[in-house]
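Colleague: What follows is entry06.txt, compact mmCIF, C-alpha atoms and all ligand atoms.
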```txt
# COMPACT_ATOMS: atom_id res chain seq x y z
CA MET W 21 99.92 99.98 125.99
CA GLU W 22 100.72 100.53 122.35
CA ARG W 23 98.81 98.78 119.57
CA THR W 24 99.92 97.77 116.10
CA PHE W 25 98.36 96.14 113.07
CA VAL W 26 99.75 92.81 111.87
CA MET W 27 98.71 90.73 108.88
CA ILE W 28 99.85 87.23 107.91
CA LYS W 29 99.89 87.56 104.13
CA PRO W 30 98.49 84.95 101.69
CA ASP W 31 101.86 83.17 101.35
CA GLY W 32 102.07 82.77 105.14
CA VAL W 33 98.60 81.20 105.17
CA GLN W 34 99.25 78.97 102.14
CA ARG W 35 102.56 77.79 103.58
CA ARG W 36 100.82 76.88 106.86
CA LEU W 37 102.89 79.35 108.88
CA ILE W 38 100.00 80.94 110.82
CA GLY W 39 100.83 79.03 114.01
CA LYS W 40 104.56 79.68 113.81
CA VAL W 41 104.10 83.42 113.25
CA ILE W 42 101.56 83.82 116.05
CA GLU W 43 103.77 81.74 118.36
CA ARG W 44 106.61 84.25 117.93
CA LEU W 45 104.38 87.20 118.75
CA GLU W 46 102.89 85.43 121.78
CA GLN W 47 106.24 84.16 123.05
CA SER W 48 107.62 87.68 123.22
CA GLY W 49 104.84 88.66 125.64
CA LEU W 50 102.78 90.61 123.12
CA LYS W 51 99.01 90.27 123.43
CA ILE W 52 96.54 89.71 120.59
CA VAL W 53 93.52 91.96 121.10
CA ALA W 54 91.77 91.40 117.75
CA MET W 55 91.97 88.80 115.00
CA LYS W 56 90.14 87.80 111.83
CA PHE W 57 90.58 85.58 108.77
CA LEU W 58 89.48 87.09 105.50
CA HIS W 59 89.95 87.34 101.79
CA VAL W 60 91.12 90.92 101.14
CA SER W 61 89.05 92.86 98.61
CA LYS W 62 90.82 94.89 95.92
CA GLN W 63 89.35 98.01 97.51
CA LEU W 64 90.79 97.23 100.96
CA ALA W 65 94.15 96.24 99.46
CA GLU W 66 94.36 99.51 97.53
CA LYS W 67 93.48 101.53 100.61
CA HIS W 68 95.96 99.64 102.79
CA TYR W 69 98.82 100.10 100.32
CA GLU W 70 97.85 103.55 99.00
CA MET W 71 101.28 104.98 99.92
CA HIS W 72 102.86 102.61 97.39
CA LYS W 73 100.59 103.58 94.49
CA GLY W 74 102.65 104.33 91.37
CA LYS W 75 105.66 102.26 92.48
CA PRO W 76 106.85 99.55 90.09
CA PHE W 77 105.85 96.73 92.47
CA TYR W 78 102.38 98.16 93.25
CA ASP W 79 100.25 96.10 90.82
CA GLY W 80 101.99 92.88 91.83
CA LEU W 81 101.56 93.78 95.49
CA ILE W 82 97.78 94.24 95.13
CA LYS W 83 97.56 90.94 93.24
CA TYR W 84 99.61 89.17 95.94
CA ILE W 85 97.65 90.51 98.89
CA THR W 86 94.28 89.64 97.28
CA SER W 87 95.42 86.20 96.06
CA GLY W 88 94.21 84.25 99.09
CA PRO W 89 93.00 84.66 102.66
CA VAL W 90 95.01 86.53 105.27
CA VAL W 91 95.04 86.70 109.07
CA ALA W 92 94.58 90.26 110.32
CA MET W 93 95.42 91.11 113.92
CA VAL W 94 95.77 93.92 116.39
CA VAL W 95 98.68 93.27 118.73
CA GLU W 96 99.29 95.11 121.98
CA GLY W 97 102.34 95.57 124.16
CA LEU W 98 105.16 97.82 125.32
CA ASN W 99 106.49 99.62 122.21
CA ALA W 100 104.47 97.12 120.17
CA ILE W 101 104.99 98.90 116.84
CA GLU W 102 108.79 98.83 116.93
CA ARG W 103 108.91 95.51 118.75
CA VAL W 104 106.83 93.73 116.11
CA ARG W 105 108.85 95.31 113.29
CA MET W 106 111.99 93.89 114.95
CA LEU W 107 110.44 90.43 115.20
CA VAL W 108 109.32 90.68 111.54
CA GLY W 109 112.72 91.72 110.12
CA ALA W 110 113.74 93.67 107.02
CA THR W 111 111.30 94.04 104.09
CA ASP W 112 113.62 92.02 101.83
CA PRO W 113 114.00 88.54 103.36
CA GLN W 114 117.48 88.37 101.81
CA LYS W 115 118.43 91.18 104.17
CA ALA W 116 116.37 90.03 107.15
CA ALA W 117 118.41 88.69 110.04
CA PRO W 118 118.12 85.04 111.02
CA GLY W 119 115.80 84.79 114.00
CA THR W 120 113.32 87.21 112.44
CA ILE W 121 110.11 85.96 110.84
CA ARG W 122 111.11 87.05 107.33
CA GLY W 123 114.72 85.96 107.88
CA ASP W 124 113.64 82.47 108.90
CA TYR W 125 110.63 81.81 106.69
CA ALA W 126 110.91 83.85 103.48
CA GLN W 127 113.12 84.19 100.41
CA HIS W 128 111.76 86.95 98.19
CA ILE W 129 110.73 90.57 98.79
CA GLY W 130 107.50 89.94 96.87
CA ARG W 131 106.59 87.00 99.16
CA ASN W 132 107.59 88.12 102.63
CA ILE W 133 104.94 86.43 104.81
CA ILE W 134 103.86 89.25 107.06
CA HIS W 135 102.90 92.92 107.32
CA ALA W 136 103.32 95.11 110.40
CA SER W 137 102.64 98.83 110.85
CA ASP W 138 105.79 100.94 110.70
CA ALA W 139 104.90 103.99 112.85
CA LYS W 140 102.31 105.39 115.30
CA GLU W 141 100.25 107.16 112.61
CA THR W 142 100.20 104.17 110.25
CA ALA W 143 99.30 101.80 113.09
CA GLU W 144 96.33 103.97 114.06
CA LYS W 145 95.24 104.31 110.46
CA GLU W 146 95.58 100.60 109.67
CA ILE W 147 93.82 99.43 112.84
CA LYS W 148 90.87 101.71 111.94
CA LEU W 149 90.87 100.49 108.35
CA TRP W 150 90.82 96.78 109.23
CA PHE W 151 88.83 96.67 112.47
CA SER W 152 85.83 98.35 113.99
CA GLU W 153 86.05 99.48 117.61
CA ASN W 154 83.86 96.60 118.86
CA GLU W 155 86.12 93.98 117.26
CA ILE W 156 89.00 94.98 119.53
CA VAL W 157 88.80 93.10 122.80
CA ASP W 158 89.81 94.57 126.13
CA TYR W 159 91.03 91.89 128.54
CA SER W 160 93.92 91.09 130.84
CA MET W 161 96.36 88.19 130.66
CA ALA W 162 96.95 85.96 133.69
CA ASP W 163 100.73 86.44 133.47
CA GLU W 164 100.77 90.22 133.05
CA SER W 165 102.69 90.88 136.28
CA TRP W 166 105.30 88.33 135.09
CA VAL W 167 105.70 90.00 131.70
CA TYR W 168 105.72 93.61 132.95
CA GLU W 169 107.16 94.89 136.22
CA LYS W 170 104.39 97.52 136.23
P1 LIG W 201 107.23 96.66 104.78
O1 LIG W 201 106.20 95.59 104.51
O2 LIG W 201 108.47 96.08 105.39
O3 LIG W 201 106.69 97.83 105.58
P2 LIG W 201 107.15 98.40 102.44
O4 LIG W 201 108.32 99.13 101.89
O5 LIG W 201 106.11 99.20 103.16
O6 LIG W 201 107.72 97.22 103.37
O7 LIG W 201 106.48 97.62 101.24
C1 LIG W 201 105.22 97.02 101.39
C2 LIG W 201 105.24 95.63 100.78
O8 LIG W 201 105.40 95.77 99.37
C3 LIG W 201 106.41 94.75 101.20
O9 LIG W 201 106.20 94.08 102.43
C4 LIG W 201 106.46 93.77 100.04
O10 LIG W 201 105.42 92.80 100.15
C5 LIG W 201 106.14 94.69 98.87
N1 LIG W 201 107.35 95.19 98.22
C6 LIG W 201 108.11 96.24 98.62
N2 LIG W 201 109.15 96.43 97.78
C7 LIG W 201 109.03 95.48 96.82
C8 LIG W 201 109.78 95.15 95.65
O11 LIG W 201 110.80 95.77 95.33
N3 LIG W 201 109.32 94.10 94.90
C9 LIG W 201 108.21 93.39 95.23
N4 LIG W 201 107.46 93.67 96.30
C10 LIG W 201 107.86 94.69 97.10
MG MG W 202 105.30 99.27 105.09
```
Show this structure as structure tokens.

Modeller:
Amino acid sequence: MERTFVMIKPDGVQRRLIGKVIERLEQSGLKIVAMKFLHVSKQLAEKHYEMHKGKPFYDGLIKYITSGPVVAMVVEGLNAIERVRMLVGATDPQKAAPGTIRGDYAQHIGRNIIHASDAKETAEKEIKLWFSENEIVDYSMADESWVYEK
């Protein structure tokens, strides 16, 4: 099964949306295999968003992501990377469809609640950056044969 990295950003935590966001991931049949609550250091934030260095929103983005605690997760499931991106919605909440997390809970591109890896390589890289191997838990769910035919 595919794995992806998901983070509930500081605005999601401050607005008490942790439960609602996790509920959406769980309801779709995705499985959480790692989770932690932490204040992101400037160093981790810069590493995580290194591809955006030099962009006009970069400084604000680092400030935002380090402004309060976040929930970091590894989520597993069939096509988890693309599936989670679909549940999350477009980067700009103004363009995110209703029914998506950003479409339902956010207003502004600079306060868009949640991060999710966008491709196989970034998912691998981000999971390694945020979690050590022994923080990822291997287990089965009781309803697996009801979520997946095989
Ligand atoms: P993504 O989170 O949907 O993958 P990216 O383009 O990778 O979107 O941008 C990373 C994050 O940077 C966004 O989620 C958002 O928090 C922030 N961001 C992107 N573009 C802007 C912008 O134009 N203004 C403010 N923040 C932005
Ligand atoms: Mg991105």

Colleague: As a quick test: using all atoms listed in the file, which residues lie no more than 10 Å away from ligand MG 202 (chain W)? Give them as a ChimeraX atom specification.

Modeller: /W:68-69,71-72,105,111,135-139,142

Colleague: Go through the chains and note each residue within 9 Å of ligand LIG 201 (chain W), using all atoms listed in the file, then give the set as a ChimeraX atom specification.

Modeller: /W:29,69,71-72,75-78,80-82,84-85,105,108-112,128-138

Colleague: How big is the axis-aligned box, and where does its centre sit, when it encloses all atoms of range 38-45 of chain W listed in the file and has 4 Å added on every side, reported in Å to one decimal as AutoDock Vina command-line options?

Modeller:
```
--center_x 103.3 --center_y 83.1 --center_z 114.8 --size_x 14.6 --size_y 16.2 --size_z 15.9
```

Colleague: At most 6 Å from (93.4, 89.9, 113.1), file frame, only C-alpha atoms: which residues, as a PyMOL selection string?

Modeller: chain W and resi 54-56+91-94

Colleague: So how far away is CA of Glu146 in chain W from CA of Phe25 in chain W, in Å?

Modeller: 6.3 Å

Colleague: My list of candidates is W:Ala143, W:Ala117, W:Phe151, W:Asp124. Which is closest to Leu58 in chain W when distances are computed with only C-alpha atoms?

Modeller: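 Under the stated criterion, the closest residue is W:Phe151.
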
Colleague: Write out as an MDAnalysis selection string each polymer residue whose atoms come within 9 Å of Gly49 in chain W, counting only C-alpha atoms; drop sequence neighbours fewer than 3 positions from it.

Modeller: chainID W and resid 45:46 97 164 167:168

Colleague: Using all atoms listed in the file, can you tell me which of W:Gln114, W:Gln47, W:Thr24, W:Ser152 comes closest to Lys140 in chain W?

Modeller: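 The answer is W:Thr24, which sits nearest to Lys140 in chain W.
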
Colleague: When you draw a straight line from CA of Lys67 in chain W to CA of Lys148 in chain W, how long is it in Å?

Modeller: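 Going from CA of Lys67 in chain W over to CA of Lys148 in chain W, I get 11.6 Å.
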